[in-house]
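Listing of protein_13.csv, CSV, C-alpha atoms
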```
chain,number,residue,atom,x,y,z
O,1,MET,CA,175.2,175.6,-58.8
O,2,ALA,CA,178.3,173.3,-58.6
O,3,ASP,CA,179.7,175.3,-55.7
O,4,THR,CA,176.4,175.2,-53.9
O,5,ALA,CA,176.1,171.5,-54.4
O,6,THR,CA,179.7,170.9,-53.1
O,7,THR,CA,179.0,173.1,-50.1
O,8,ALA,CA,175.9,171.0,-49.3
O,9,SER,CA,177.9,167.8,-49.6
O,10,ALA,CA,180.6,169.2,-47.4
O,11,ALA,CA,177.9,170.1,-44.8
O,12,ALA,CA,176.5,166.6,-45.0
O,13,ALA,CA,179.9,165.0,-44.6
O,14,SER,CA,180.7,167.3,-41.7
O,15,ALA,CA,177.6,166.3,-39.8
O,16,ALA,CA,178.6,162.7,-40.0
O,17,ASN,CA,182.2,163.3,-38.7
O,18,ALA,CA,181.7,164.6,-35.2
O,19,SER,CA,183.5,161.5,-33.8
O,20,THR,CA,186.3,161.1,-36.3
O,21,ASP,CA,189.8,162.5,-36.4
O,22,ALA,CA,189.8,163.0,-40.2
O,23,PRO,CA,190.1,166.6,-41.3
O,24,PRO,CA,187.2,168.1,-43.3
O,25,PHE,CA,187.3,166.8,-46.8
O,26,GLN,CA,188.4,169.0,-49.7
O,27,LEU,CA,188.0,167.7,-53.2
O,28,GLY,CA,191.3,167.6,-55.1
O,29,LYS,CA,193.3,168.9,-52.1
O,30,PRO,CA,195.8,167.0,-50.0
O,31,ARG,CA,194.6,165.5,-46.8
O,32,PHE,CA,197.6,166.6,-44.8
O,33,GLN,CA,198.9,170.2,-44.5
O,34,GLN,CA,201.6,170.9,-47.0
O,35,THR,CA,203.1,173.7,-45.1
O,36,SER,CA,205.1,171.4,-42.8
O,37,PHE,CA,207.6,168.7,-43.4
O,38,TYR,CA,205.5,166.2,-41.4
O,39,GLY,CA,202.4,167.0,-43.5
O,40,ARG,CA,204.3,166.5,-46.7
O,41,PHE,CA,205.8,163.3,-45.3
O,42,ARG,CA,202.3,161.9,-44.5
O,43,HIS,CA,201.2,162.8,-48.0
O,44,PHE,CA,204.2,161.1,-49.4
O,45,LEU,CA,203.3,157.9,-47.5
O,46,ASP,CA,199.8,158.1,-48.9
O,47,ILE,CA,201.1,158.4,-52.5
O,48,ILE,CA,203.3,155.3,-52.3
O,49,ASP,CA,201.0,153.2,-50.1
O,50,PRO,CA,201.1,149.7,-51.8
O,51,ARG,CA,197.8,148.7,-50.4
O,52,THR,CA,196.0,150.6,-53.2
O,53,LEU,CA,197.5,148.0,-55.6
O,54,PHE,CA,195.0,145.5,-54.3
O,55,VAL,CA,191.9,147.7,-54.7
O,56,THR,CA,189.2,145.8,-56.7
O,57,GLU,CA,187.5,147.2,-59.8
O,58,ARG,CA,184.3,147.4,-57.8
O,59,ARG,CA,185.9,149.4,-55.0
O,60,LEU,CA,187.4,151.8,-57.5
O,61,ARG,CA,184.1,152.4,-59.1
O,62,GLU,CA,182.5,153.0,-55.7
O,63,ALA,CA,185.3,155.5,-54.8
O,64,VAL,CA,184.9,157.4,-58.1
O,65,GLN,CA,181.1,157.5,-57.7
O,66,LEU,CA,181.4,158.7,-54.1
O,67,LEU,CA,183.6,161.6,-55.2
O,68,GLU,CA,181.1,162.4,-58.1
O,69,ASP,CA,178.3,162.4,-55.6
O,70,TYR,CA,180.2,164.8,-53.4
O,71,LYS,CA,181.0,167.1,-56.3
O,72,HIS,CA,177.4,167.3,-57.4
O,73,GLY,CA,175.9,167.6,-53.9
O,74,THR,CA,174.1,164.2,-54.0
O,75,LEU,CA,176.2,162.6,-51.2
O,76,ARG,CA,174.1,160.1,-49.2
O,77,PRO,CA,173.7,160.8,-45.5
O,78,GLY,CA,176.2,159.3,-43.1
O,79,VAL,CA,179.3,159.4,-45.4
O,80,THR,CA,182.3,160.4,-43.3
O,81,ASN,CA,185.3,162.5,-44.1
O,82,GLU,CA,187.5,159.4,-43.7
O,83,GLN,CA,185.5,157.6,-46.4
O,84,LEU,CA,185.8,160.6,-48.7
O,85,TRP,CA,189.6,160.9,-48.2
O,86,SER,CA,190.0,157.2,-48.7
O,87,ALA,CA,188.0,157.4,-52.0
O,88,GLN,CA,190.2,160.2,-53.2
O,89,LYS,CA,193.3,158.4,-52.3
O,90,ILE,CA,192.2,155.3,-54.3
O,91,LYS,CA,191.2,157.3,-57.3
O,92,GLN,CA,194.5,159.3,-57.4
O,93,ALA,CA,196.5,156.2,-56.9
O,94,ILE,CA,195.0,154.3,-59.8
O,95,LEU,CA,193.6,156.7,-62.4
O,96,HIS,CA,195.7,159.2,-64.4
O,97,PRO,CA,194.7,162.7,-63.4
O,98,ASP,CA,194.5,164.0,-67.0
O,99,THR,CA,193.2,161.0,-69.0
O,100,ASN,CA,191.2,159.4,-66.2
O,101,GLU,CA,192.5,156.0,-67.4
O,102,LYS,CA,194.0,153.3,-65.2
O,103,ILE,CA,197.8,153.3,-64.9
O,104,PHE,CA,199.5,150.0,-65.4
O,105,MET,CA,200.2,148.6,-61.9
O,106,PRO,CA,204.0,148.4,-62.0
O,107,PHE,CA,204.2,152.1,-63.1
O,108,ARG,CA,201.9,153.5,-60.4
O,109,MET,CA,203.4,155.5,-57.5
O,110,SER,CA,202.0,152.9,-55.1
O,111,GLY,CA,204.0,150.3,-57.0
O,112,TYR,CA,207.3,152.0,-56.4
O,113,ILE,CA,208.2,149.9,-53.4
O,114,PRO,CA,207.1,146.4,-54.5
O,115,PHE,CA,208.3,146.8,-58.1
O,116,GLY,CA,211.2,149.2,-57.6
O,117,THR,CA,212.9,147.5,-54.6
O,118,PRO,CA,214.0,144.3,-56.6
O,119,ILE,CA,215.7,146.6,-59.1
O,120,VAL,CA,217.5,148.5,-56.4
O,121,VAL,CA,218.7,145.2,-54.9
O,122,GLY,CA,219.9,144.1,-58.3
O,123,LEU,CA,221.8,147.3,-58.8
O,124,LEU,CA,223.6,146.7,-55.5
O,125,LEU,CA,224.5,143.0,-55.9
O,126,PRO,CA,228.2,142.3,-55.3
O,127,ASN,CA,230.7,140.9,-57.8
O,128,GLN,CA,228.6,141.7,-60.8
O,129,THR,CA,229.7,140.7,-64.3
O,130,LEU,CA,229.6,143.0,-67.3
O,131,ALA,CA,226.4,141.4,-68.5
O,132,SER,CA,224.7,141.8,-65.1
O,133,THR,CA,225.8,145.4,-64.7
O,134,VAL,CA,224.4,146.3,-68.1
O,135,PHE,CA,221.2,144.3,-67.4
O,136,TRP,CA,220.3,146.0,-64.1
O,137,GLN,CA,221.2,149.5,-65.3
O,138,TRP,CA,219.0,148.9,-68.4
O,139,LEU,CA,216.1,147.5,-66.4
O,140,ASN,CA,216.3,150.5,-63.9
O,141,GLN,CA,216.2,153.1,-66.6
O,142,SER,CA,213.5,151.2,-68.5
O,143,HIS,CA,211.4,151.2,-65.4
O,144,ASN,CA,212.0,154.9,-64.9
O,145,ALA,CA,211.1,155.7,-68.4
O,146,CYS,CA,207.9,153.7,-68.3
O,147,VAL,CA,206.8,155.4,-65.0
O,148,ASN,CA,207.6,158.7,-66.6
O,149,TYR,CA,205.5,157.9,-69.7
O,150,ALA,CA,202.6,156.3,-67.7
O,151,ASN,CA,202.4,159.4,-65.5
O,152,ARG,CA,203.1,162.0,-68.1
O,153,ASN,CA,201.5,165.3,-68.3
O,154,ALA,CA,198.8,164.5,-70.8
O,155,THR,CA,197.6,168.1,-71.0
O,156,LYS,CA,201.0,168.9,-72.7
O,157,PRO,CA,201.6,166.1,-75.3
O,158,SER,CA,205.2,165.4,-76.2
O,159,PRO,CA,206.3,163.6,-79.4
O,160,VAL,CA,207.2,160.0,-78.9
O,161,SER,CA,210.6,160.7,-80.5
O,162,LYS,CA,211.4,162.9,-77.5
O,163,PHE,CA,210.6,160.1,-75.1
O,164,ILE,CA,212.7,157.6,-77.1
O,165,GLN,CA,215.6,160.0,-77.3
O,166,GLY,CA,215.6,160.6,-73.5
O,167,TYR,CA,215.2,156.9,-72.8
O,168,LEU,CA,218.2,156.0,-75.0
O,169,GLY,CA,220.3,158.8,-73.5
O,170,ALA,CA,219.5,157.6,-70.0
O,171,VAL,CA,220.3,154.0,-70.7
O,172,ILE,CA,223.6,154.8,-72.6
O,173,SER,CA,224.7,157.2,-69.8
O,174,ALA,CA,223.9,154.8,-66.9
O,175,VAL,CA,225.5,151.8,-68.6
O,176,SER,CA,228.6,153.7,-69.7
O,177,ILE,CA,229.2,155.2,-66.2
O,178,ALA,CA,228.6,151.9,-64.4
O,179,VAL,CA,230.8,149.8,-66.7
O,180,GLY,CA,233.5,152.5,-66.8
O,181,LEU,CA,233.7,152.8,-63.0
O,182,ASN,CA,233.7,149.1,-62.5
O,183,VAL,CA,236.6,148.7,-64.9
O,184,LEU,CA,238.5,151.5,-63.1
O,185,VAL,CA,237.9,149.9,-59.8
O,186,GLN,CA,239.1,146.5,-61.0
O,187,LYS,CA,242.3,148.1,-62.3
O,188,ALA,CA,243.0,150.0,-59.1
O,189,ASN,CA,245.9,148.0,-57.8
O,190,LYS,CA,246.1,150.0,-54.5
O,191,PHE,CA,242.7,148.7,-53.4
O,192,THR,CA,242.5,145.7,-51.1
O,193,PRO,CA,239.8,143.1,-52.1
O,194,ALA,CA,237.6,144.4,-49.3
O,195,THR,CA,238.0,148.0,-50.3
O,196,ARG,CA,237.4,147.2,-54.0
O,197,LEU,CA,234.1,145.4,-53.0
O,198,LEU,CA,233.0,148.3,-50.9
O,199,VAL,CA,233.7,150.9,-53.7
O,200,GLN,CA,231.9,148.7,-56.2
O,201,ARG,CA,228.8,148.8,-54.0
O,202,PHE,CA,228.6,152.6,-54.6
O,203,VAL,CA,229.0,152.5,-58.4
O,204,PRO,CA,225.3,152.5,-59.1
O,205,PHE,CA,224.7,155.8,-57.4
O,206,PRO,CA,226.8,158.0,-59.7
O,207,ALA,CA,225.6,155.9,-62.7
O,208,VAL,CA,221.9,156.5,-62.1
O,209,GLY,CA,222.3,160.2,-61.1
O,210,PRO,CA,223.4,161.8,-64.4
O,211,ALA,CA,221.2,159.3,-66.4
O,212,GLY,CA,218.2,160.6,-64.5
O,213,ASP,CA,218.7,164.1,-66.0
O,214,GLY,CA,217.9,162.8,-69.4
O,215,ALA,CA,215.2,160.3,-68.4
O,216,ASP,CA,212.4,162.8,-67.9
O,217,THR,CA,210.9,162.8,-71.3
O,218,SER,CA,207.3,163.3,-70.4
O,219,GLY,CA,207.0,167.0,-70.5
O,220,SER,CA,206.2,169.0,-67.3
O,221,SER,CA,206.5,166.5,-64.6
O,222,HIS,CA,205.1,165.7,-61.1
O,223,ALA,CA,208.3,164.1,-59.7
O,224,HIS,CA,208.4,160.4,-58.7
O,225,PRO,CA,209.5,159.8,-55.1
O,226,GLY,CA,212.9,158.3,-54.8
O,227,ALA,CA,213.5,157.7,-58.5
O,228,THR,CA,216.5,158.9,-60.5
O,229,SER,CA,214.5,161.3,-62.6
O,230,ASN,CA,211.7,163.8,-62.3
O,231,ARG,CA,208.4,162.1,-62.5
O,232,HIS,CA,204.9,163.3,-63.5
O,233,VAL,CA,202.6,162.2,-60.7
O,234,HIS,CA,200.5,164.8,-58.9
O,235,ALA,CA,201.6,168.4,-58.8
O,236,GLY,CA,200.3,171.1,-56.5
O,237,GLU,CA,200.5,174.8,-56.3
O,238,ILE,CA,201.4,176.9,-53.2
O,239,GLU,CA,202.0,180.5,-52.5
O,240,THR,CA,205.6,181.3,-51.6
O,241,THR,CA,204.4,183.0,-48.4
O,242,GLN,CA,203.5,179.6,-47.1
O,243,LEU,CA,206.9,178.1,-47.7
O,244,GLU,CA,209.9,178.0,-45.3
O,245,PRO,CA,211.8,181.3,-45.4
O,246,GLU,CA,214.9,179.9,-47.0
O,247,ILE,CA,212.9,178.4,-49.8
O,248,ALA,CA,210.7,181.5,-50.3
O,249,GLN,CA,213.7,183.7,-50.6
O,250,ALA,CA,215.1,181.6,-53.5
O,251,THR,CA,212.3,182.7,-55.9
O,252,SER,CA,210.6,185.9,-56.9
O,253,SER,CA,207.4,184.1,-58.0
O,254,ARG,CA,204.2,184.5,-56.0
O,255,THR,CA,203.3,180.8,-56.4
O,256,VAL,CA,205.4,177.7,-57.1
O,257,VAL,CA,204.4,174.2,-58.4
O,258,TYR,CA,205.6,171.4,-56.1
O,259,ASN,CA,205.6,167.6,-56.0
O,260,LYS,CA,202.8,166.3,-53.8
O,261,GLY,CA,204.9,163.2,-53.3
O,262,LEU,CA,207.5,165.0,-51.3
```

Would you kindly transcribe this structure into structure tokens?
Amino acid sequence: MADTATTASAAAASAANASTDAPPFQLGKPRFQQTSFYGRFRHFLDIIDPRTLFVTERRLREAVQLLEDYKHGTLRPGVTNEQLWSAQKIKQAILHPDTNEKIFMPFRMSGYIPFGTPIVVGLLLPNQTLASTVFWQWLNQSHNACVNYANRNATKPSPVSKFIQGYLGAVISAVSIAVGLNVLVQKANKFTPATRLLVQRFVPFPAVGPAGDGADTSGSSHAHPGATSNRHVHAGEIETTQLEPEIAQATSSRTVVYNKGL
């Protein structure tokens, strides 16, 4: 019955979409083709779209109800594919896919640019003191850890102790590498002031890299775009026959799980 209802909704939506460019709506599926780089790139832009941060509670309820109507075959006449895709984008941006609870705004994927950019700028500030280096590295790893936890795979619960252990490991690693490299650069007598300043600008990159390996404490993850660790956002599954040849040859599995944000 559910399949019949969904088919009926799909037919109703299709009839209202003769003049639109939106592809036919598929519940729970990406809007853009994931078999090409451009399609994955468009999907990535949808995932991090900061406009969804300003969606009102009323608009969210409407989006969720619209998808429920589609699922149960009770979609009202005139609803377009564009409206359905928009509703799904809003729901996936705000609600956790496992718990169906709202994700705190700074830890949503759509919050990566507005909330993550100031941290990146802080990491790259010139002439940092020991205190500022420690602060920005700590803030970066704390933000990473919170995004990990907020978007964790709730179907596979992990003990809080594992999360704390990974968080502390990431912070200690990032701070140690950043401080250590800054000290080495300062003691490098062969560097001119300009060269020293340039090298110091790149210190955050090796610092956040190894730290990210220990920051994913949320179980199986859906990677966070552009972050220093693997994030649990929205994972998808695809047959290896649909992948690029060089990627398909790297595995013997028939299907692989991928990050919808890439």

Å distance separating CA of Phe107 in chain O from CA of Leu130 in chain O, one decimal place: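 These atoms are spaced 27.3 Å apart.
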
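For the set O:Asp21, O:Ala207, O:Thr35, O:Leu139, the residue with the smallest atom-to-atom gap to Gln242 in chain O is O:Thr35, counting all atoms listed in the file.
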
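Each of O:Lys156, O:Trp136, O:Asn182, O:Gly122 was checked against Thr99 in chain O using all atoms listed in the file; the smallest atom-to-atom distance is that of O:Lys156.
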
Interatomic distance between CA of Pro206 in chain O and CA of Glu246 in chain O?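 These atoms are spaced 28.0 Å apart.
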
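When all atoms listed in the file are used to measure the gap to Arg152 in chain O, the shortest distance among O:Ile164, O:Leu198, O:Val185, O:Ile103 belongs to O:Ile103.
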
Interatomic distance (Å, one decimal) between CA of Ile90 in chain O and CA of Pro118 in chain O: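 Distance between the two atoms: 24.5 Å.
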
Using all atoms listed in the file for the distances, tell me which of O:Thr80, O:Asn140, O:Asn127, O:Thr251 is nearest to Tyr112 in chain O.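 Among O:Thr80, O:Asn140, O:Asn127, O:Thr251, it is O:Asn140 that comes nearest to Tyr112 in chain O.
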
Residues near Met105 in chain O, cut-off 9 Å, only C-alpha atoms, skip fewer than 5 positions along chain, as a list in words: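 Counting only C-alpha atoms, the residues come to Leu53, Ile94, Ser110 and Gly111 of chain O.
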
Nearest to Gln33 in chain O by atom-to-atom distance, counting all atoms listed in the file, from O:Ala188, O:Tyr149, O:Leu243, O:Val179: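 Of all the options, O:Leu243 lies closest to Gln33 in chain O.
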
Residue with the minimum atom-to-atom distance to Leu123 in chain O, picked from O:Ile172, O:Val208, O:Val147, O:Leu60 with only C-alpha atoms counted, is O:Val208

Contact residues around Val55 in chain O with all atoms listed in the file at 12 Å, ignoring same-chain residues under 2 positions, as a PyMOL selection string: chain O and resi 49-53+57-63+86-87+89-91+93-95+105+110
